[in-house]
$ cat my_file.pdb   # PDB, C-alpha atoms and all ligand atoms
ATOM      1  CA  MET A   1     -21.881  40.222  29.961
ATOM      2  CA  SER A   2     -18.247  39.294  30.446
ATOM      3  CA  LEU A   3     -17.172  37.522  33.602
ATOM      4  CA  PRO A   4     -13.914  36.442  35.197
ATOM      5  CA  LEU A   5     -13.704  32.654  35.099
ATOM      6  CA  LYS A   6     -13.596  32.403  38.875
ATOM      7  CA  GLU A   7     -16.833  34.338  39.175
ATOM      8  CA  LEU A   8     -18.506  32.373  36.380
ATOM      9  CA  ILE A   9     -17.761  29.111  38.130
ATOM     10  CA  ASN A  10     -18.876  30.464  41.501
ATOM     11  CA  ILE A  11     -22.234  31.478  40.038
ATOM     12  CA  GLY A  12     -22.554  28.066  38.354
ATOM     13  CA  ALA A  13     -21.710  26.268  41.594
ATOM     14  CA  LYS A  14     -24.265  28.331  43.514
ATOM     15  CA  GLN A  15     -26.999  27.495  40.974
ATOM     16  CA  LEU A  16     -26.173  23.811  41.264
ATOM     17  CA  LYS A  17     -26.090  23.959  45.049
ATOM     18  CA  ASP A  18     -29.495  25.675  45.124
ATOM     19  CA  ALA A  19     -30.838  22.892  42.878
ATOM     20  CA  GLY A  20     -29.697  20.301  45.445
ATOM     21  CA  VAL A  21     -26.702  18.935  43.504
ATOM     22  CA  ALA A  22     -24.376  17.173  45.946
ATOM     23  CA  ASP A  23     -20.944  18.076  44.534
ATOM     24  CA  ALA A  24     -21.920  21.485  43.181
ATOM     25  CA  GLU A  25     -18.460  23.022  43.047
ATOM     26  CA  ILE A  26     -16.790  20.002  41.481
ATOM     27  CA  ASP A  27     -19.527  19.710  38.867
ATOM     28  CA  ALA A  28     -19.386  23.443  38.070
ATOM     29  CA  LYS A  29     -15.679  23.061  37.316
ATOM     30  CA  GLU A  30     -16.131  19.787  35.419
ATOM     31  CA  LEU A  31     -18.754  21.358  33.175
ATOM     32  CA  TYR A  32     -16.407  24.210  32.345
ATOM     33  CA  CYS A  33     -13.600  21.769  31.557
ATOM     34  CA  PHE A  34     -15.993  19.767  29.390
ATOM     35  CA  MET A  35     -17.094  22.883  27.500
ATOM     36  CA  GLN A  36     -13.504  23.905  26.761
ATOM     37  CA  GLY A  37     -12.121  20.392  26.287
ATOM     38  CA  ILE A  38      -9.508  20.950  29.008
ATOM     39  CA  ASP A  39      -8.519  19.108  32.194
ATOM     40  CA  ARG A  40      -8.515  20.372  35.791
ATOM     41  CA  THR A  41      -4.858  21.436  35.679
ATOM     42  CA  ALA A  42      -5.478  23.598  32.629
ATOM     43  CA  LEU A  43      -8.475  25.069  34.431
ATOM     44  CA  MET A  44      -6.249  26.283  37.263
ATOM     45  CA  LEU A  45      -3.868  27.890  34.767
ATOM     46  CA  ARG A  46      -6.758  29.808  33.217
ATOM     47  CA  TRP A  47      -8.216  30.983  36.514
ATOM     48  CA  GLN A  48      -7.527  34.676  35.622
ATOM     49  CA  ASP A  49      -9.295  34.504  32.225
ATOM     50  CA  VAL A  50     -12.255  36.743  31.465
ATOM     51  CA  LEU A  51     -15.041  35.039  29.531
ATOM     52  CA  GLN A  52     -17.072  36.733  26.829
ATOM     53  CA  ASP A  53     -20.811  36.752  26.424
ATOM     54  CA  ASN A  54     -21.245  33.720  24.179
ATOM     55  CA  GLN A  55     -19.013  31.567  26.372
ATOM     56  CA  CYS A  56     -20.896  32.553  29.499
ATOM     57  CA  GLU A  57     -24.175  31.680  27.806
ATOM     58  CA  ALA A  58     -22.896  28.297  26.651
ATOM     59  CA  TYR A  59     -21.663  27.566  30.166
ATOM     60  CA  PHE A  60     -24.935  28.530  31.837
ATOM     61  CA  ALA A  61     -26.841  26.306  29.406
ATOM     62  CA  LEU A  62     -24.798  23.349  30.708
ATOM     63  CA  ILE A  63     -25.352  24.471  34.304
ATOM     64  CA  GLU A  64     -29.082  24.617  33.658
ATOM     65  CA  LYS A  65     -29.086  21.039  32.392
ATOM     66  CA  ARG A  66     -27.211  19.829  35.450
ATOM     67  CA  ALA A  67     -29.472  21.917  37.736
ATOM     68  CA  SER A  68     -32.412  19.943  36.281
ATOM     69  CA  ARG A  69     -30.598  16.975  37.911
ATOM     70  CA  ALA A  70     -29.453  15.278  34.719
ATOM     71  CA  PRO A  71     -26.335  13.325  35.777
ATOM     72  CA  LEU A  72     -23.033  15.042  35.006
ATOM     73  CA  GLN A  73     -22.024  11.964  33.002
ATOM     74  CA  HIS A  74     -25.079  12.263  30.750
ATOM     75  CA  ILE A  75     -23.952  15.780  29.853
ATOM     76  CA  THR A  76     -20.283  14.950  29.328
ATOM     77  CA  GLY A  77     -21.095  11.450  27.996
ATOM     78  CA  ILE A  78     -18.146   9.983  29.896
ATOM     79  CA  GLN A  79     -17.344   8.222  33.171
ATOM     80  CA  GLU A  80     -13.831   7.292  34.214
ATOM     81  CA  PHE A  81     -13.487   3.774  35.591
ATOM     82  CA  MET A  82     -10.252   1.958  36.473
ATOM     83  CA  GLY A  83      -8.324   4.795  34.794
ATOM     84  CA  MET A  84     -10.143   4.286  31.501
ATOM     85  CA  SER A  85     -12.859   6.372  29.837
ATOM     86  CA  PHE A  86     -16.264   4.797  29.294
ATOM     87  CA  GLU A  87     -19.010   6.323  27.217
ATOM     88  CA  VAL A  88     -22.365   6.257  28.944
ATOM     89  CA  ASN A  89     -25.925   7.197  28.085
ATOM     90  CA  GLU A  90     -29.388   6.666  29.565
ATOM     91  CA  LYS A  91     -29.379   3.015  28.469
ATOM     92  CA  VAL A  92     -26.634   1.930  30.893
ATOM     93  CA  LEU A  93     -25.872   2.320  34.575
ATOM     94  CA  ILE A  94     -23.095   4.883  35.118
ATOM     95  CA  PRO A  95     -20.126   2.873  36.458
ATOM     96  CA  ARG A  96     -19.601   3.528  40.189
ATOM     97  CA  GLN A  97     -16.412   3.762  42.198
ATOM     98  CA  ASP A  98     -17.748   0.975  44.466
ATOM     99  CA  THR A  99     -17.555  -1.363  41.497
ATOM    100  CA  GLU A 100     -13.871  -0.551  40.962
ATOM    101  CA  THR A 101     -13.261  -2.278  44.288
ATOM    102  CA  MET A 102     -14.731  -5.502  42.892
ATOM    103  CA  VAL A 103     -12.661  -5.232  39.707
ATOM    104  CA  GLU A 104      -9.514  -4.709  41.796
ATOM    105  CA  ASP A 105     -10.369  -7.851  43.775
ATOM    106  CA  ALA A 106     -10.883  -9.786  40.544
ATOM    107  CA  LEU A 107      -7.534  -8.554  39.195
ATOM    108  CA  GLU A 108      -5.743  -9.632  42.385
ATOM    109  CA  LEU A 109      -7.384 -13.028  42.136
ATOM    110  CA  MET A 110      -6.328 -13.402  38.513
ATOM    111  CA  GLU A 111      -2.789 -12.286  39.210
ATOM    112  CA  LYS A 112      -2.009 -14.010  42.512
ATOM    113  CA  GLY A 113      -4.876 -16.350  43.374
ATOM    114  CA  THR A 114      -5.482 -14.277  46.517
ATOM    115  CA  LEU A 115      -8.338 -12.120  47.772
ATOM    116  CA  ARG A 116      -7.110  -9.141  49.799
ATOM    117  CA  GLY A 117      -3.896 -10.953  50.526
ATOM    118  CA  GLN A 118      -5.431 -14.262  51.620
ATOM    119  CA  GLY A 119      -5.049 -17.396  49.493
ATOM    120  CA  TYR A 120      -8.405 -18.032  47.783
ATOM    121  CA  ALA A 121      -8.435 -19.786  44.387
ATOM    122  CA  ASP A 122      -5.554 -20.712  42.110
ATOM    123  CA  SER A 123      -7.670 -21.648  39.126
ATOM    124  CA  LEU A 124      -7.626 -18.118  37.712
ATOM    125  CA  LYS A 125      -3.941 -17.398  38.076
ATOM    126  CA  LYS A 126      -3.062 -17.986  34.443
ATOM    127  CA  GLY A 127      -6.027 -16.012  33.158
ATOM    128  CA  GLY A 128      -9.068 -17.857  31.932
ATOM    129  CA  ASP A 129     -12.598 -17.378  30.656
ATOM    130  CA  VAL A 130     -14.455 -14.552  32.333
ATOM    131  CA  LEU A 131     -18.142 -13.674  32.040
ATOM    132  CA  ASP A 132     -19.338 -10.180  32.952
ATOM    133  CA  LEU A 133     -23.045 -10.921  33.424
ATOM    134  CA  CYS A 134     -25.390  -7.886  33.161
ATOM    135  CA  CYS A 135     -22.483  -5.892  31.726
ATOM    136  CA  GLY A 136     -24.233  -2.567  31.034
ATOM    137  CA  SER A 137     -21.531  -0.173  29.767
ATOM    138  CA  GLY A 138     -19.019  -3.033  29.851
ATOM    139  CA  ALA A 139     -16.927  -1.295  32.529
ATOM    140  CA  ILE A 140     -16.200  -4.473  34.525
ATOM    141  CA  GLY A 141     -15.448  -6.847  31.656
ATOM    142  CA  ILE A 142     -13.486  -4.377  29.562
ATOM    143  CA  SER A 143     -11.301  -3.322  32.529
ATOM    144  CA  ILE A 144     -10.549  -6.969  33.260
ATOM    145  CA  ALA A 145      -9.747  -7.652  29.593
ATOM    146  CA  LYS A 146      -7.421  -4.671  29.574
ATOM    147  CA  LEU A 147      -5.735  -5.190  32.940
ATOM    148  CA  ALA A 148      -5.642  -8.962  33.578
ATOM    149  CA  LYS A 149      -3.124 -11.027  31.659
ATOM    150  CA  GLY A 150      -4.633 -13.958  29.798
ATOM    151  CA  ALA A 151      -8.273 -13.075  30.482
ATOM    152  CA  ARG A 152     -10.705 -14.071  27.743
ATOM    153  CA  VAL A 153     -13.729 -11.936  28.469
ATOM    154  CA  THR A 154     -17.361 -12.246  27.425
ATOM    155  CA  CYS A 155     -19.793  -9.457  28.306
ATOM    156  CA  SER A 156     -23.515 -10.168  28.299
ATOM    157  CA  ASP A 157     -26.644  -8.149  28.911
ATOM    158  CA  ILE A 158     -30.347  -8.507  28.195
ATOM    159  CA  SER A 159     -30.380  -5.016  26.663
ATOM    160  CA  ARG A 160     -29.306  -4.727  23.034
ATOM    161  CA  GLU A 161     -28.784  -0.996  23.572
ATOM    162  CA  ALA A 162     -26.465  -1.653  26.509
ATOM    163  CA  ILE A 163     -24.477  -4.146  24.420
ATOM    164  CA  ALA A 164     -24.091  -1.467  21.736
ATOM    165  CA  VAL A 165     -22.631   0.923  24.334
ATOM    166  CA  ALA A 166     -20.336  -1.798  25.712
ATOM    167  CA  GLU A 167     -19.111  -2.741  22.222
ATOM    168  CA  LYS A 168     -18.261   0.884  21.546
ATOM    169  CA  ASN A 169     -16.405   1.115  24.863
ATOM    170  CA  ALA A 170     -14.351  -1.958  24.002
ATOM    171  CA  ARG A 171     -13.387  -0.329  20.694
ATOM    172  CA  LEU A 172     -12.556   3.002  22.333
ATOM    173  CA  ASN A 173     -10.339   1.268  24.876
ATOM    174  CA  GLY A 174      -8.624  -0.939  22.334
ATOM    175  CA  CYS A 175     -10.032  -4.248  23.616
ATOM    176  CA  LYS A 176     -10.532  -6.206  20.431
ATOM    177  CA  SER A 177     -10.763  -9.609  22.088
ATOM    178  CA  VAL A 178     -13.865  -9.029  24.230
ATOM    179  CA  LYS A 179     -16.929 -10.963  23.046
ATOM    180  CA  PHE A 180     -20.473  -9.685  23.443
ATOM    181  CA  THR A 181     -23.625 -11.731  23.836
ATOM    182  CA  GLU A 182     -27.180 -10.503  24.168
ATOM    183  CA  SER A 183     -28.644 -12.773  26.821
ATOM    184  CA  ASP A 184     -31.337 -12.852  29.477
ATOM    185  CA  MET A 185     -29.065 -13.951  32.315
ATOM    186  CA  PHE A 186     -27.553 -17.340  31.295
ATOM    187  CA  ALA A 187     -30.084 -18.136  28.547
ATOM    188  CA  ALA A 188     -27.656 -17.719  25.636
ATOM    189  CA  PHE A 189     -24.908 -19.815  27.239
ATOM    190  CA  GLY A 190     -26.741 -23.131  27.502
ATOM    191  CA  GLY A 191     -26.870 -23.761  23.763
ATOM    192  CA  ARG A 192     -27.304 -26.978  21.815
ATOM    193  CA  LEU A 193     -23.587 -27.612  21.629
ATOM    194  CA  GLY A 194     -23.260 -27.707  25.395
ATOM    195  CA  LYS A 195     -23.011 -25.076  28.058
ATOM    196  CA  LYS A 196     -20.311 -22.447  27.787
ATOM    197  CA  LYS A 197     -18.329 -22.499  31.043
ATOM    198  CA  PHE A 198     -16.217 -19.853  32.731
ATOM    199  CA  ASN A 199     -13.402 -19.616  35.283
ATOM    200  CA  LEU A 200     -14.872 -16.409  36.673
ATOM    201  CA  ILE A 201     -18.429 -15.135  36.566
ATOM    202  CA  ILE A 202     -18.530 -11.542  37.760
ATOM    203  CA  SER A 203     -21.673  -9.457  37.984
ATOM    204  CA  ASN A 204     -23.152  -6.206  39.189
ATOM    205  CA  PRO A 205     -26.801  -7.158  38.669
ATOM    206  CA  PRO A 206     -29.773  -4.906  39.453
ATOM    207  CA  TYR A 207     -30.221  -5.125  43.232
ATOM    208  CA  ILE A 208     -32.393  -2.268  44.473
ATOM    209  CA  PRO A 209     -36.004  -2.853  45.600
ATOM    210  CA  PRO A 210     -38.466  -0.590  43.721
ATOM    211  CA  SER A 211     -39.561   0.999  47.020
ATOM    212  CA  VAL A 212     -35.965   2.178  47.535
ATOM    213  CA  ILE A 213     -35.502   3.336  43.923
ATOM    214  CA  ALA A 214     -38.382   5.766  44.495
ATOM    215  CA  CYS A 215     -36.332   7.474  47.243
ATOM    216  CA  LEU A 216     -33.016   7.736  45.366
ATOM    217  CA  GLU A 217     -31.542  11.015  44.108
ATOM    218  CA  PRO A 218     -33.273  12.338  40.959
ATOM    219  CA  GLU A 219     -30.099  11.728  38.917
ATOM    220  CA  VAL A 220     -30.487   7.984  39.520
ATOM    221  CA  ARG A 221     -34.267   7.700  39.881
ATOM    222  CA  ASP A 222     -35.206   9.777  36.840
ATOM    223  CA  HIS A 223     -32.253   9.298  34.493
ATOM    224  CA  GLU A 224     -30.596   5.909  34.945
ATOM    225  CA  PRO A 225     -32.223   2.814  33.426
ATOM    226  CA  VAL A 226     -34.604   1.294  35.944
ATOM    227  CA  MET A 227     -33.939  -2.127  34.434
ATOM    228  CA  ALA A 228     -30.318  -1.847  35.612
ATOM    229  CA  LEU A 229     -31.395  -0.996  39.155
ATOM    230  CA  ASP A 230     -34.594  -2.929  39.911
ATOM    231  CA  GLY A 231     -33.792  -6.159  41.733
ATOM    232  CA  GLY A 232     -37.433  -7.121  42.313
ATOM    233  CA  GLU A 233     -39.551  -6.805  45.468
ATOM    234  CA  ASP A 234     -36.715  -7.619  47.918
ATOM    235  CA  GLY A 235     -33.807  -6.680  45.616
ATOM    236  CA  LEU A 236     -32.608 -10.285  45.471
ATOM    237  CA  ALA A 237     -34.343 -11.591  42.320
ATOM    238  CA  PHE A 238     -31.173 -11.730  40.210
ATOM    239  CA  TYR A 239     -29.067 -13.267  42.968
ATOM    240  CA  ARG A 240     -31.641 -16.088  43.173
ATOM    241  CA  ILE A 241     -31.211 -16.786  39.460
ATOM    242  CA  ILE A 242     -27.417 -16.529  39.696
ATOM    243  CA  ALA A 243     -27.198 -18.793  42.774
ATOM    244  CA  LYS A 244     -29.307 -21.429  41.045
ATOM    245  CA  GLU A 245     -27.785 -21.297  37.570
ATOM    246  CA  ALA A 246     -24.175 -20.109  37.900
ATOM    247  CA  PRO A 247     -22.878 -23.531  39.068
ATOM    248  CA  GLU A 248     -23.771 -24.955  35.637
ATOM    249  CA  TYR A 249     -21.665 -22.314  33.914
ATOM    250  CA  LEU A 250     -18.576 -22.410  36.120
ATOM    251  CA  LYS A 251     -15.539 -24.554  35.364
ATOM    252  CA  LYS A 252     -13.903 -26.645  38.067
ATOM    253  CA  ASP A 253     -12.756 -24.352  40.922
ATOM    254  CA  GLY A 254     -14.486 -21.480  39.134
ATOM    255  CA  VAL A 255     -15.187 -18.294  41.070
ATOM    256  CA  LEU A 256     -18.381 -16.280  41.369
ATOM    257  CA  MET A 257     -17.993 -12.611  42.283
ATOM    258  CA  LEU A 258     -21.049 -10.451  42.915
ATOM    259  CA  GLU A 259     -21.551  -6.811  43.749
ATOM    260  CA  ILE A 260     -24.259  -6.437  46.400
ATOM    261  CA  GLY A 261     -26.160  -3.681  48.204
ATOM    262  CA  PHE A 262     -24.720  -2.643  51.598
ATOM    263  CA  ASP A 263     -27.410  -4.619  53.463
ATOM    264  CA  GLN A 264     -27.529  -7.769  51.325
ATOM    265  CA  LYS A 265     -24.438  -9.708  52.419
ATOM    266  CA  GLU A 266     -26.098 -12.256  54.668
ATOM    267  CA  ALA A 267     -29.037 -12.793  52.292
ATOM    268  CA  VAL A 268     -26.791 -13.351  49.256
ATOM    269  CA  LYS A 269     -24.376 -15.588  51.181
ATOM    270  CA  GLY A 270     -27.426 -17.561  52.347
ATOM    271  CA  LEU A 271     -28.719 -17.968  48.785
ATOM    272  CA  LEU A 272     -25.355 -19.321  47.651
ATOM    273  CA  ARG A 273     -25.020 -21.573  50.704
ATOM    274  CA  ASP A 274     -28.507 -23.017  50.212
ATOM    275  CA  THR A 275     -27.642 -24.334  46.752
ATOM    276  CA  GLY A 276     -24.985 -26.601  48.306
ATOM    277  CA  CYS A 277     -22.836 -25.849  45.246
ATOM    278  CA  PHE A 278     -20.430 -23.256  46.647
ATOM    279  CA  GLU A 279     -17.627 -23.106  49.183
ATOM    280  CA  LYS A 280     -15.430 -20.305  50.555
ATOM    281  CA  ILE A 281     -18.422 -17.947  50.547
ATOM    282  CA  VAL A 282     -17.067 -14.602  51.755
ATOM    283  CA  GLY A 283     -18.163 -10.976  51.943
ATOM    284  CA  LEU A 284     -15.870  -8.026  51.181
ATOM    285  CA  THR A 285     -16.275  -4.317  51.869
ATOM    286  CA  ASP A 286     -15.879  -1.245  49.678
ATOM    287  CA  LEU A 287     -13.658   1.771  50.347
ATOM    288  CA  THR A 288     -16.184   3.224  52.780
ATOM    289  CA  GLY A 289     -16.272  -0.013  54.792
ATOM    290  CA  LYS A 290     -19.736  -1.064  53.562
ATOM    291  CA  ASP A 291     -20.451  -4.651  52.542
ATOM    292  CA  ARG A 292     -20.224  -4.559  48.741
ATOM    293  CA  ILE A 293     -19.056  -7.895  47.339
ATOM    294  CA  VAL A 294     -19.836 -11.562  47.879
ATOM    295  CA  CYS A 295     -17.437 -14.111  46.474
ATOM    296  CA  ALA A 296     -17.644 -17.905  46.294
ATOM    297  CA  VAL A 297     -15.873 -20.865  44.708
ATOM    298  CA  LEU A 298     -17.673 -23.703  42.942
ATOM    299  CA  SER A 299     -17.669 -26.578  45.371
ATOM    300  CA  LYS A 300     -15.597 -29.670  44.555
ATOM    301  CA  ASN A 301     -18.451 -31.855  45.741
ATOM    302  CA  PRO A 302     -21.634 -29.991  44.963
ATOM    303  CA  GLN A 303     -24.399 -31.173  47.317
ATOM    304  CA  LYS A 304     -27.442 -30.657  45.180
ATOM    305  CA  THR A 305     -30.359 -29.988  47.458
ATOM    306  CA  PRO A 306     -33.627 -31.679  46.486
TER     307      PRO A 306
HETATM  308  N1  LIG B 401     -24.837   0.763  43.226
HETATM  309  C1  LIG B 401     -25.847   1.305  42.381
HETATM  310  C2  LIG B 401     -26.547   2.463  43.085
HETATM  311  O1  LIG B 401     -26.395   2.600  44.248
HETATM  312  C3  LIG B 401     -26.872   0.260  41.987
HETATM  313  C4  LIG B 401     -26.283  -0.805  41.203
HETATM  314  C5  LIG B 401     -27.194  -1.944  40.953
HETATM  315  O2  LIG B 401     -28.416  -2.022  41.196
HETATM  316  N2  LIG B 401     -26.573  -2.902  40.447
HETATM  317  O3  LIG B 401     -27.231   3.242  42.495
END
$ encode --input "my_file.pdb" --output "structure tokens" --more "lines below"
Ligand code: GLN
Amino acid sequence: MSLPLKELINIGAKQLKDAGVADAEIDAKELYCFMQGIDRTALMLRWQDVLQDNQCEAYFALIEKRASRAPLQHITGIQEFMGMSFEVNEKVLIPRQDTETMVEDALELMEKGTLRGQGYADSLKKGGDVLDLCCGSGAIGISIAKLAKGARVTCSDISREAIAVAEKNARLNGCKSVKFTESDMFAAFGGRLGKKKFNLIISNPPYIPPSVIACLEPEVRDHEPVMALDGGEDGLAFYRIIAKEAPEYLKKDGVLMLEIGFDQKEAVKGLLRDTGCFEKIVGLTDLTGKDRIVCAVLSKNPQKTP
């Protein structure tokens, strides 16, 4: 069997579409690019090529994997995030575009002290200590270390395997300064020598209720680590811990920035408000206009509730 490239990709796309893959055509092209080690521009230049038997077979083996609903990124091993390449595997959440929005907000805050153009907090302007809590692949922390001047970044996660992936990603992206700590939430930061404090705590914690996880696409439900998704019965378990404990780990005027599910803004704002430890509690949307981020500043006069 020899096939023109165009036809090969059309057949691949059709197989993916029939298997229920959302972006069948894009993925069919991406898998070809991955197989040949080329980018999309090179693909267009080769559009007239005719592929021989062994190449067609190799391509259809990749298509078959994707048709079984393994995520594209588990086949290629890579996800782009903030213009950088991150290695991913089944031990870490695949970085999402929604999360880039939060990183862009953090970068603006660290550069200008503003959030979407509005004055917000000056304490981060000259860089500072940043904690990426529940770091997974390290996408958030490593992008901040790479793109924000003066940021001293620590990435932490409860999963040793996730930390291993994040450490590798820091190396691959030339971020030597990022520190890594295996920690169940803040546990490792309250050591004997006093609590480690940060100017910015940023987190994309697990926030999906198990009942919702069961209804997600097979790529997520069957292939991504449930521990990175499962936010407990109501999805808010980790925000409760963060609301309660983050104030102890924030420096004066420190900022807390959280990714949230599209329907969690009011609940998360309420959790932060109820501690009496935060001010300027605001919600921000993602590129599709959905609520995606909640941000707050450590209050100057924390009103500890009984
Ligand atoms: N945004 C991710 C998703 O929709 C979930 C991320 C999370 O639970 N932190 O699959």
$ axis_aligned_box --input "my_file.pdb" --around "ligand LIG 401 (chain B)" --padding-each-side "4 Å" --output "lines of an AutoDock Vina configuration file"
center_x = -26.6
center_y = 0.2
center_z = 42.3
size_x = 11.6
size_y = 14.1
size_z = 11.8
$ residues_near_ligand --input "my_file.pdb" --ligand "ligand LIG 401 (chain B)" --cutoff "10 Å" --atoms "all atoms listed in the file" --output "VMD selection string"
chain A and resid 93 to 99 134 136 203 to 209 213 216 to 217 219 to 221 224 to 231 235 238 258 to 262 292
$ residues_near_point --input "my_file.pdb" --point "(-26.5, -17.9, 41.4)" --cutoff "10 Å" --atoms "only C-alpha atoms" --output "compact mmCIF listing (two decimals) with C-alpha atoms, in the frame of the given file"
# COMPACT_ATOMS: atom_id res chain seq x y z
CA ILE A 201 -18.43 -15.14 36.57
CA PHE A 238 -31.17 -11.73 40.21
CA TYR A 239 -29.07 -13.27 42.97
CA ARG A 240 -31.64 -16.09 43.17
CA ILE A 241 -31.21 -16.79 39.46
CA ILE A 242 -27.42 -16.53 39.70
CA ALA A 243 -27.20 -18.79 42.77
CA LYS A 244 -29.31 -21.43 41.04
CA GLU A 245 -27.78 -21.30 37.57
CA ALA A 246 -24.18 -20.11 37.90
CA PRO A 247 -22.88 -23.53 39.07
CA GLU A 248 -23.77 -24.96 35.64
CA TYR A 249 -21.66 -22.31 33.91
CA LEU A 256 -18.38 -16.28 41.37
CA LEU A 258 -21.05 -10.45 42.92
CA VAL A 268 -26.79 -13.35 49.26
CA LEU A 271 -28.72 -17.97 48.78
CA LEU A 272 -25.36 -19.32 47.65
CA THR A 275 -27.64 -24.33 46.75
CA CYS A 277 -22.84 -25.85 45.25
CA PHE A 278 -20.43 -23.26 46.65
$ closest_residue --input "my_file.pdb" --among "A:Leu107, A:Ala164, A:Met185, A:Leu115" --to "A:Ala145" --atoms "only C-alpha atoms"
A:Leu107
$ resolve_selection --input "my_file.pdb" --expression "the PyMOL selection byres (((chain A and resi 71) around 10) and not hetatm)" --output "PyMOL selection string"
chain A and resi 21+27+65-70+72-77+89-90+94+218-220+222-224
$ atom_distance --input "my_file.pdb" --atom1 "atom CA of A:Gly276" --atom2 "atom CA of A:Asn301"
8.8 Å
$ closest_residue --input "my_file.pdb" --among "A:Ile144, A:Met84, A:Ala121, A:Leu3" --to "A:Glu104" --atoms "only C-alpha atoms"
A:Ile144
$ closest_atom_pairs --input "my_file.pdb" --of "stretch 173-274 of chain A" --to "stretch 125-128 of chain A" --cutoff "8 Å" --atoms "only C-alpha atoms" --output "CSV"
residue,atom,partner,partner_atom,distance
A:Phe198,CA,A:Gly128,CA,7.5
A:Asn199,CA,A:Gly128,CA,5.8
A:Leu200,CA,A:Gly128,CA,7.6
$ residues_around --input "my_file.pdb" --residues "A:Asn169" --least-positions-apart "5" --cutoff "8 Å" --atoms "all atoms listed in the file" --output "PyMOL selection string"
chain A and resi 86-87+137-138+142
$ resolve_selection --input "my_file.pdb" --expression "the PyMOL selection byres (((chain A and resi 296) around 10) and not hetatm)" --output "PyMOL selection string"
chain A and resi 120-121+253-258+269+272-273+277-283+294-295+297-299
$ atom_distance --input "my_file.pdb" --atom1 "atom CA of A:Glu167" --atom2 "atom CA of A:Ser143"
12.9 Å
$ atom_distance --input "my_file.pdb" --atom1 "atom CA of A:Leu45" --atom2 "atom CA of A:Met82"
26.8 Å
$ closest_residue --input "my_file.pdb" --among "A:Glu100, A:Phe189, A:Glu25, A:Asp291" --to "A:Glu80" --atoms "all atoms listed in the file"
A:Glu100
$ closest_residue --input "my_file.pdb" --among "A:Lys290, A:Lys29, A:Lys6, A:Lys17" --to "A:Trp47" --atoms "only C-alpha atoms"
A:Lys6
$ residues_around --input "my_file.pdb" --residues "A:Ala61" --least-positions-apart "2" --cutoff "12 Å" --atoms "all atoms listed in the file" --output "PyMOL selection string"
chain A and resi 12+15+28+31-32+35+54-59+63-68+75
$ decode --input "my_file.pdb" --residues "stretch 93-102 of chain A" --atoms "N, CA, C and O atoms" --output "tab-separated table (two decimals), in the first residue's frame"
chain	number	residue	atom	x	y	z
A	93	LEU	N	-1.22	16.16	35.28
A	93	LEU	CA	-2.27	16.77	34.46
A	93	LEU	C	-1.61	17.42	33.23
A	93	LEU	O	-0.56	18.04	33.36
A	94	ILE	N	-2.21	17.26	32.07
A	94	ILE	CA	-1.70	17.92	30.87
A	94	ILE	C	-2.02	19.41	31.00
A	94	ILE	O	-3.17	19.78	31.24
A	95	PRO	N	-1.01	20.29	30.93
A	95	PRO	CA	-1.29	21.72	31.09
A	95	PRO	C	-2.33	22.20	30.09
A	95	PRO	O	-2.29	21.83	28.92
A	96	ARG	N	-3.28	23.03	30.57
A	96	ARG	CA	-4.39	23.51	29.74
A	96	ARG	C	-4.16	24.97	29.35
A	96	ARG	O	-3.54	25.74	30.08
A	97	GLN	N	-4.78	25.34	28.24
A	97	GLN	CA	-4.69	26.73	27.79
A	97	GLN	C	-5.32	27.68	28.82
A	97	GLN	O	-4.84	28.79	29.02
A	98	ASP	N	-6.39	27.22	29.49
A	98	ASP	CA	-7.04	28.05	30.52
A	98	ASP	C	-6.02	28.51	31.56
A	98	ASP	O	-6.11	29.62	32.09
A	99	THR	N	-5.09	27.64	31.86
A	99	THR	CA	-4.11	27.94	32.92
A	99	THR	C	-3.10	28.98	32.44
A	99	THR	O	-2.54	29.72	33.25
A	100	GLU	N	-2.89	29.07	31.12
A	100	GLU	CA	-2.00	30.11	30.61
A	100	GLU	C	-2.54	31.49	30.99
A	100	GLU	O	-1.77	32.42	31.27
A	101	THR	N	-3.86	31.61	30.99
A	101	THR	CA	-4.47	32.89	31.37
A	101	THR	C	-4.02	33.30	32.76
A	101	THR	O	-3.67	34.45	33.01
A	102	MET	N	-4.02	32.33	33.69
A	102	MET	CA	-3.62	32.65	35.07
A	102	MET	C	-2.14	33.03	35.11
A	102	MET	O	-1.76	33.97	35.82
